[in-house]
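Below is one structure, written out as structure tokens, with a few remarks after it.
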Amino acid sequence: MKFNIYKDKVGEWRWRLRAANNEIIAAGEGYKNKVDCLHAIDLVKSSAGAPVEETTS
């Protein structure tokens with residue numbers, strides 16, 4: 001897996017997580033600053049032990 005960061009059409013930084021087969025499996029919101037986008041990636045990386053919770057809609 002790998003993270004990609006890029007600037008979108010409106011100039012915001014975004015991230016995508018791609019699987020080994022290059023399919024996008026997760027994506028983040030837009031960030032004005034690149035450093036904020038990178039921080040969001042770090043948060044996702046550090047959440048590996050987060051519990052899974054089922055909710056109803």
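Chain labels A, B, ... are given in the sequence in which chains occur in the structure tokens; within each chain residues are numbered consecutively from 1, and ligands are likewise numbered from 1 in the order shown.
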Q) Could you pull the residues within 12 Å of Val44 (chain A), counting only C-alpha atoms, minus those fewer than 5 positions along the same chain, as a list in words? A) Phe3, Trp15, Arg16, Leu17, Ala26, Ala27, Gly28, Cys37, Leu38, His39, Gly49 and Ala50 of chain A
As a PDB file with N, CA and C atoms, in the first residue's frame, please: all residues of chain A that backbone DSSP puts in helix (DSSP H, G or I).
ATOM      1  N   LYS A  34      -0.188  21.826   2.571  1.00  0.00           N
ATOM      2  CA  LYS A  34       0.385  20.491   2.385  1.00  0.00           C
ATOM      3  C   LYS A  34       0.699  19.840   3.726  1.00  0.00           C
ATOM      4  N   VAL A  35       1.219  20.610   4.669  1.00  0.00           N
ATOM      5  CA  VAL A  35       1.576  20.061   5.979  1.00  0.00           C
ATOM      6  C   VAL A  35       0.350  19.486   6.695  1.00  0.00           C
ATOM      7  N   ASP A  36      -0.809  20.087   6.513  1.00  0.00           N
ATOM      8  CA  ASP A  36      -2.035  19.569   7.127  1.00  0.00           C
ATOM      9  C   ASP A  36      -2.445  18.244   6.484  1.00  0.00           C
ATOM     10  N   CYS A  37      -2.243  18.129   5.187  1.00  0.00           N
ATOM     11  CA  CYS A  37      -2.528  16.881   4.479  1.00  0.00           C
ATOM     12  C   CYS A  37      -1.614  15.771   4.991  1.00  0.00           C
ATOM     13  N   LEU A  38      -0.322  16.081   5.135  1.00  0.00           N
ATOM     14  CA  LEU A  38       0.633  15.100   5.645  1.00  0.00           C
ATOM     15  C   LEU A  38       0.312  14.703   7.085  1.00  0.00           C
ATOM     16  N   HIS A  39      -0.167  15.655   7.878  1.00  0.00           N
ATOM     17  CA  HIS A  39      -0.564  15.356   9.255  1.00  0.00           C
ATOM     18  C   HIS A  39      -1.748  14.383   9.271  1.00  0.00           C
ATOM     19  N   ALA A  40      -2.691  14.574   8.371  1.00  0.00           N
ATOM     20  CA  ALA A  40      -3.844  13.671   8.288  1.00  0.00           C
ATOM     21  C   ALA A  40      -3.381  12.256   7.952  1.00  0.00           C
ATOM     22  N   ILE A  41      -2.409  12.125   7.069  1.00  0.00           N
ATOM     23  CA  ILE A  41      -1.860  10.806   6.740  1.00  0.00           C
ATOM     24  C   ILE A  41      -1.237  10.181   7.984  1.00  0.00           C
ATOM     25  N   ASP A  42      -0.490  10.962   8.747  1.00  0.00           N
ATOM     26  CA  ASP A  42       0.106  10.447   9.983  1.00  0.00           C
ATOM     27  C   ASP A  42      -0.962   9.967  10.960  1.00  0.00           C
ATOM     28  N   LEU A  43      -2.081  10.678  11.043  1.00  0.00           N
ATOM     29  CA  LEU A  43      -3.177  10.256  11.917  1.00  0.00           C
ATOM     30  C   LEU A  43      -3.762   8.917  11.469  1.00  0.00           C
ATOM     31  N   VAL A  44      -3.914   8.747  10.167  1.00  0.00           N
ATOM     32  CA  VAL A  44      -4.436   7.483   9.641  1.00  0.00           C
ATOM     33  C   VAL A  44      -3.451   6.353   9.950  1.00  0.00           C
ATOM     34  N   LYS A  45      -2.177   6.608   9.738  1.00  0.00           N
ATOM     35  CA  LYS A  45      -1.152   5.595  10.017  1.00  0.00           C
ATOM     36  C   LYS A  45      -1.158   5.181  11.486  1.00  0.00           C
ATOM     37  N   SER A  46      -1.349   6.132  12.378  1.00  0.00           N
ATOM     38  CA  SER A  46      -1.295   5.841  13.816  1.00  0.00           C
ATOM     39  C   SER A  46      -2.588   5.225  14.345  1.00  0.00           C
TER      40      SER A  46
END
Q: Any chance you could list, as a PyMOL selection string, the residues in chain A that come up strand (DSSP E) when DSSP is run on the backbone?
A: chain A and resi 2-7+13-18+24-27
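Picture a line from CA of Arg14 (chain A) to CA of Pro51 (chain A); it runs 25.0 Å.
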Using only C-alpha atoms, which protein or nucleic acid residues come within 12 Å of Val10 (chain A)? Drop anything in the same chain fewer than 6 positions from it, and give the result as an mmCIF file with N, CA, C and O atoms, in the first residue's frame.
data_model
loop_
_atom_site.group_PDB
_atom_site.id
_atom_site.type_symbol
_atom_site.label_atom_id
_atom_site.label_comp_id
_atom_site.auth_asym_id
_atom_site.auth_seq_id
_atom_site.Cartn_x
_atom_site.Cartn_y
_atom_site.Cartn_z
ATOM 1 N N GLY A 30 -10.062 17.793 1.437
ATOM 2 C CA GLY A 30 -9.111 18.775 0.938
ATOM 3 C C GLY A 30 -8.527 19.617 2.060
ATOM 4 O O GLY A 30 -9.220 19.953 3.018
ATOM 5 N N TYR A 31 -7.247 19.948 1.930
ATOM 6 C CA TYR A 31 -6.535 20.769 2.903
ATOM 7 C C TYR A 31 -5.867 21.934 2.188
ATOM 8 O O TYR A 31 -5.304 21.763 1.109
ATOM 9 N N LYS A 32 -5.919 23.101 2.778
ATOM 10 C CA LYS A 32 -5.292 24.289 2.194
ATOM 11 C C LYS A 32 -3.772 24.171 2.198
ATOM 12 O O LYS A 32 -3.104 24.635 1.295
#
